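Report on the following structure.
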Amino acid sequence: MRFRIDLKIFLFLILFYFTKQIETYVIIIVFAIIHELGHLMAGLIMGMKPEKIELMPYGISISFKLKPKDYNKKILKANLLEIKKILVAIAGPFTNLLIIIFATHLKIELFSNLIIIYANLLLILFNLVPIYPLDGGRILKGILHIFLGKRKAERYTNSISFIILIILTFIASIGIYYMENISVFIITIFLWGLYLKQDKIDRNKNKIYDLIEKTIEISENK
């Protein structure tokens with residue numbers, strides 16, 4: 001299993017430090033790591049082995065090894081692997097929900113409770129936004145894959161992600177202008193980076209798929 005640290009995390013620390021939001025960022029990162037551990041536990045329970053763990057500006061990113069047998073178990077237009085991916089994606093926000101439920105029953109100082117609740121609520125809402133590769137985007141893509149197939153799922157997910165990112169960029173710009181809050185804008189820029197990176201990967205994969213399909217079509221016509 002490989003471990004990697006994304007150096008952009010230090011840039012985020014510096015930016016949030018100078019914008020005097022470092023405490024908020026650290027609190028969210030702590031619960032974001034717990035969120036990712038929820039993904040990890042779900043994957044392990046379903047027999048998935050972690051392949052790479054990466055410390056990112058928004059927490060930890062975990063990649064799992066894929067089992068060929070999961071590909072072979074077909075479910076509508078997808079396979080068992082997609083079901084597992086959806087469940088792993090759901091596990092993160094579900095972990096934050098459990099923390100919120102637990103925090104509401106803790107008999108500690110009220111302000112601490114509110115921090116725990118709000119931080120985890122923020123993580124739930126943020127991660128369930130249907131932007132790939134956030135959890136919401138992964139869930140959306142998995143469901144679309146099951147009912148529409150892989151190619152359409154990728155296309156629709158990318159389109160929805162793009163539209164929502166445009167909206168978030170607009171909201172972030174308003175946040176800077178009226179509330180002098182740069183944090184949402186920083187996160188939005190980072191999400192754009194993730195989206196563009198994934199979009200490039202999908203485009204390259206689709207070129208390969210197209211080439212394979214053309215090769216098969218030519219072979220059948222001979």
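Ligands are numbered from 1 in the order shown, chains are lettered A, B, ... in the order of the structure tokens, and residues start at 1 in each chain.
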
Every residue of region 9-147 of chain A that DSSP places in helix (DSSP H, G or I), as number ranges by chain: A: 9-18, 22-45, 68-72, 80-104, 110-127, 135-147

Quick one: residues within 8 Å of region 118-128 of chain A, only C-alpha atoms, excluding same-chain residues fewer than 6 positions away - as a list in words?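 Counting only C-alpha atoms, the residues come to Ile27, Ile28, Phe31, Ala32, Pro93, Phe94, Asn96, Leu97, Ile99, Ile100, Leu134, Asp135, Gly136 and Gly137 of chain A.
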
Using only C-alpha atoms, which residue out of A:Ile163, A:Ile62, A:Leu114, A:Ile139 lies closest to His35 (chain A)?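 With only C-alpha atoms as the atom set, the closest residue is A:Ile62.
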
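For region 102-104 of chain A, the non-local neighbours within 7 Å, defined as residues at least 4 positions apart in the same chain or in other chains and counting only C-alpha atoms, are Leu98, Asn113, Ile116 and Ile117 of chain A.
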
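Separating CA of Val88 (chain A) from CA of Ile22 (chain A) is a distance of 29.3 Å.
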
Grab the CA of Gly47 (chain A) to CA of Ile208 (chain A) distance for me, in Å with one decimal place.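 Taking CA of Gly47 (chain A) and CA of Ile208 (chain A), their separation equals 29.6 Å.
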
If we count only C-alpha atoms, what is near region 197-200 of chain A at a cut-off of 9 Å, once residues fewer than 4 positions away on the same chain are taken out, given as a PDB file with N, CA and C atoms, in the first residue's frame?
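Heads up, here's the output in part_24.pdb:
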```
ATOM      1  N   TYR A 132     -18.169  15.282  -9.187  1.00  0.00           N
ATOM      2  CA  TYR A 132     -17.179  14.209  -9.158  1.00  0.00           C
ATOM      3  C   TYR A 132     -15.788  14.820  -9.033  1.00  0.00           C
ATOM      4  N   PRO A 133     -14.919  14.347  -8.115  1.00  0.00           N
ATOM      5  CA  PRO A 133     -14.987  13.071  -7.405  1.00  0.00           C
ATOM      6  C   PRO A 133     -15.445  13.147  -5.946  1.00  0.00           C
ATOM      7  N   GLU A 154     -20.690   8.710 -17.169  1.00  0.00           N
ATOM      8  CA  GLU A 154     -19.568   9.648 -17.127  1.00  0.00           C
ATOM      9  C   GLU A 154     -19.947  10.984 -17.757  1.00  0.00           C
ATOM     10  N   ASN A 158     -20.244  14.389 -15.534  1.00  0.00           N
ATOM     11  CA  ASN A 158     -19.352  15.507 -15.850  1.00  0.00           C
ATOM     12  C   ASN A 158     -20.137  16.784 -16.146  1.00  0.00           C
ATOM     13  N   TRP A 192     -12.403  22.707  -8.924  1.00  0.00           N
ATOM     14  CA  TRP A 192     -12.203  22.844 -10.374  1.00  0.00           C
ATOM     15  C   TRP A 192     -11.005  22.007 -10.820  1.00  0.00           C
ATOM     16  N   GLY A 193      -9.951  22.044 -10.013  1.00  0.00           N
ATOM     17  CA  GLY A 193      -8.763  21.254 -10.343  1.00  0.00           C
ATOM     18  C   GLY A 193      -9.064  19.766 -10.376  1.00  0.00           C
ATOM     19  N   ASN A 204      -9.595  10.627 -22.036  1.00  0.00           N
ATOM     20  CA  ASN A 204      -8.575   9.692 -22.534  1.00  0.00           C
ATOM     21  C   ASN A 204      -9.109   8.262 -22.561  1.00  0.00           C
ATOM     22  N   LYS A 205      -9.867   7.898 -21.513  1.00  0.00           N
ATOM     23  CA  LYS A 205     -10.454   6.555 -21.480  1.00  0.00           C
ATOM     24  C   LYS A 205     -11.463   6.377 -22.602  1.00  0.00           C
TER      25      LYS A 205
END
```

Have a look at A:Ala172, A:Ile86, A:Ile146, A:Leu191 and name the one nearest to Val129 (chain A); count only C-alpha atoms.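 Closest to Val129 (chain A), using only C-alpha atoms: A:Leu191.
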
Pick from A:Arg151, A:Thr95, A:Ile83, A:Tyr156: nearest to Asp210 (chain A), with only C-alpha atoms counted?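 Going through A:Arg151, A:Thr95, A:Ile83, A:Tyr156 one by one, the smallest distance to Asp210 (chain A) is for A:Arg151.
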
Between CA of Ile29 (chain A) and CA of Leu55 (chain A), what is the distance, to one decimal in Å?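 These atoms are spaced 10.4 Å apart.
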
In chain A, DSSP strand (DSSP E or B) residues written as a ChimeraX atom specification: /A:2-5,50-56,59-64,74-75,78-79
